$ cat model.cif   # mmCIF, C-alpha atoms
data_upload
loop_
_atom_site.group_PDB
_atom_site.id
_atom_site.type_symbol
_atom_site.label_atom_id
_atom_site.label_comp_id
_atom_site.auth_asym_id
_atom_site.auth_seq_id
_atom_site.Cartn_x
_atom_site.Cartn_y
_atom_site.Cartn_z
ATOM 1 C CA MET A 1414 75.714 -75.729 -25.547
ATOM 2 C CA SER A 1415 73.051 -77.698 -23.713
ATOM 3 C CA SER A 1416 70.063 -78.866 -25.729
ATOM 4 C CA ASP A 1417 67.857 -77.597 -22.867
ATOM 5 C CA GLU A 1418 68.748 -73.939 -23.524
ATOM 6 C CA LEU A 1419 66.142 -71.619 -24.966
ATOM 7 C CA LYS A 1420 67.045 -69.111 -27.676
ATOM 8 C CA ASN A 1421 64.537 -66.323 -27.054
ATOM 9 C CA ARG A 1422 63.079 -67.120 -23.633
ATOM 10 C CA VAL A 1423 64.218 -67.708 -20.087
ATOM 11 C CA ARG A 1424 62.928 -70.173 -17.535
ATOM 12 C CA PHE A 1425 61.646 -68.829 -14.284
ATOM 13 C CA SER A 1426 59.625 -70.247 -11.452
ATOM 14 C CA THR A 1427 56.959 -68.824 -9.180
ATOM 15 C CA THR A 1428 53.882 -69.893 -7.266
ATOM 16 C CA LEU A 1429 50.212 -69.058 -7.808
ATOM 17 C CA SER A 1430 47.081 -69.558 -5.798
ATOM 18 C CA LYS A 1431 45.200 -72.670 -6.830
ATOM 19 C CA GLU A 1432 42.330 -70.548 -8.120
ATOM 20 C CA THR A 1433 44.612 -68.394 -10.263
ATOM 21 C CA GLU A 1434 46.393 -71.438 -11.681
ATOM 22 C CA LYS A 1435 43.080 -73.068 -12.610
ATOM 23 C CA ALA A 1436 41.768 -69.877 -14.214
ATOM 24 C CA LEU A 1437 45.032 -69.482 -16.174
ATOM 25 C CA LYS A 1438 44.967 -73.063 -17.439
ATOM 26 C CA ASP A 1439 41.263 -72.859 -18.313
ATOM 27 C CA TYR A 1440 41.778 -69.599 -20.200
ATOM 28 C CA SER A 1441 44.799 -70.986 -22.031
ATOM 29 C CA LYS A 1442 42.895 -74.100 -23.026
ATOM 30 C CA SER A 1443 39.786 -72.228 -24.196
ATOM 31 C CA THR A 1444 41.770 -69.670 -26.230
ATOM 32 C CA MET A 1445 44.584 -71.992 -27.285
ATOM 33 C CA ILE A 1446 47.059 -69.300 -26.216
ATOM 34 C CA PRO A 1447 50.139 -70.732 -24.468
ATOM 35 C CA ILE A 1448 50.447 -69.843 -20.792
ATOM 36 C CA SER A 1449 53.872 -68.309 -21.429
ATOM 37 C CA LYS A 1450 52.366 -65.850 -23.924
ATOM 38 C CA ILE A 1451 49.505 -64.963 -21.548
ATOM 39 C CA LEU A 1452 52.044 -64.270 -18.806
ATOM 40 C CA ASP A 1453 54.226 -62.172 -21.153
ATOM 41 C CA VAL A 1454 51.276 -59.895 -21.961
ATOM 42 C CA ALA A 1455 49.937 -59.754 -18.399
ATOM 43 C CA ILE A 1456 53.286 -58.932 -16.818
ATOM 44 C CA THR A 1457 54.133 -56.339 -19.478
ATOM 45 C CA GLN A 1458 50.763 -54.620 -18.954
ATOM 46 C CA TYR A 1459 51.198 -54.713 -15.186
ATOM 47 C CA ILE A 1460 54.632 -53.106 -15.393
ATOM 48 C CA LYS A 1461 53.398 -50.362 -17.743
ATOM 49 C CA CYS A 1462 50.467 -49.604 -15.421
ATOM 50 C CA ALA A 1463 52.730 -49.554 -12.347
ATOM 51 C CA GLU A 1464 55.204 -47.244 -14.093
ATOM 52 C CA LYS A 1465 52.382 -44.811 -14.967
ATOM 53 C CA LYS A 1466 51.220 -44.771 -11.350
ATOM 54 C CA ASN A 1467 54.759 -44.211 -10.087
ATOM 55 C CA SER A 1468 55.437 -41.367 -12.512
ATOM 56 C CA ASN A 1469 52.471 -39.308 -11.245
#
$ encode --input "model.cif" --output "structure tokens"
Amino acid sequence: MSSDELKNRVRFSTTLSKETEKALKDYSKSTMIPISKILDVAITQYIKCAEKKNSN
């Protein structure tokens, strides 16, 4: 097993606008919440909201 493997997470890559990336980093720094955790919550909330819209 590679030492680079993660036990409970997966790596994935995407792109963001420069403004979004700055806002994300600034928010992470000011709250001391890791970017990965912010993205987990944001994406989960987005999916739940989209599923509600699609079920109506």
$ atom_distance --input "model.cif" --atom1 "CA of Ile1448 in chain A" --atom2 "CA of Thr1428 in chain A"
14.0 Å
$ atom_distance --input "model.cif" --atom1 "CA of Lys1465 in chain A" --atom2 "CA of Ser1449 in chain A"
24.4 Å
$ atom_distance --input "model.cif" --atom1 "CA of Ile1451 in chain A" --atom2 "CA of Asp1439 in chain A"
11.9 Å
$ build_atoms --input "model.cif" --residues "range 1431-1449 of chain A" --atoms "N, CA and C atoms" --output "compact mmCIF listing (two decimals), in the frame of the given file"
# COMPACT_ATOMS: atom_id res chain seq x y z
N LYS A 1431 45.83 -71.59 -6.07
CA LYS A 1431 45.20 -72.67 -6.83
C LYS A 1431 44.12 -72.14 -7.76
N GLU A 1432 43.40 -71.13 -7.31
CA GLU A 1432 42.33 -70.55 -8.12
C GLU A 1432 42.89 -69.84 -9.35
N THR A 1433 43.98 -69.10 -9.15
CA THR A 1433 44.61 -68.39 -10.26
C THR A 1433 45.17 -69.38 -11.27
N GLU A 1434 45.82 -70.43 -10.78
CA GLU A 1434 46.39 -71.44 -11.68
C GLU A 1434 45.30 -72.12 -12.50
N LYS A 1435 44.18 -72.43 -11.89
CA LYS A 1435 43.08 -73.07 -12.61
C LYS A 1435 42.51 -72.12 -13.67
N ALA A 1436 42.30 -70.86 -13.27
CA ALA A 1436 41.77 -69.88 -14.21
C ALA A 1436 42.72 -69.69 -15.40
N LEU A 1437 44.03 -69.64 -15.12
CA LEU A 1437 45.03 -69.48 -16.17
C LEU A 1437 45.02 -70.66 -17.13
N LYS A 1438 45.00 -71.87 -16.58
CA LYS A 1438 44.97 -73.06 -17.44
C LYS A 1438 43.68 -73.14 -18.25
N ASP A 1439 42.55 -72.83 -17.61
CA ASP A 1439 41.26 -72.86 -18.31
C ASP A 1439 41.24 -71.85 -19.45
N TYR A 1440 41.74 -70.63 -19.17
CA TYR A 1440 41.78 -69.60 -20.20
C TYR A 1440 42.70 -70.01 -21.35
N SER A 1441 43.85 -70.54 -21.01
CA SER A 1441 44.80 -70.99 -22.03
C SER A 1441 44.18 -72.07 -22.91
N LYS A 1442 43.51 -73.00 -22.28
CA LYS A 1442 42.90 -74.10 -23.03
C LYS A 1442 41.78 -73.60 -23.93
N SER A 1443 40.93 -72.70 -23.40
CA SER A 1443 39.79 -72.23 -24.20
C SER A 1443 40.20 -71.32 -25.35
N THR A 1444 41.32 -70.59 -25.18
CA THR A 1444 41.77 -69.67 -26.23
C THR A 1444 42.88 -70.25 -27.09
N MET A 1445 43.44 -71.36 -26.62
CA MET A 1445 44.58 -71.99 -27.28
C MET A 1445 45.80 -71.06 -27.33
N ILE A 1446 45.90 -70.18 -26.36
CA ILE A 1446 47.06 -69.30 -26.22
C ILE A 1446 47.96 -69.93 -25.16
N PRO A 1447 49.24 -70.14 -25.46
CA PRO A 1447 50.14 -70.73 -24.47
C PRO A 1447 50.24 -69.88 -23.21
N ILE A 1448 50.34 -70.54 -22.07
CA ILE A 1448 50.45 -69.84 -20.79
C ILE A 1448 51.61 -68.86 -20.80
N SER A 1449 52.72 -69.22 -21.40
CA SER A 1449 53.87 -68.31 -21.43
C SER A 1449 53.53 -67.01 -22.15
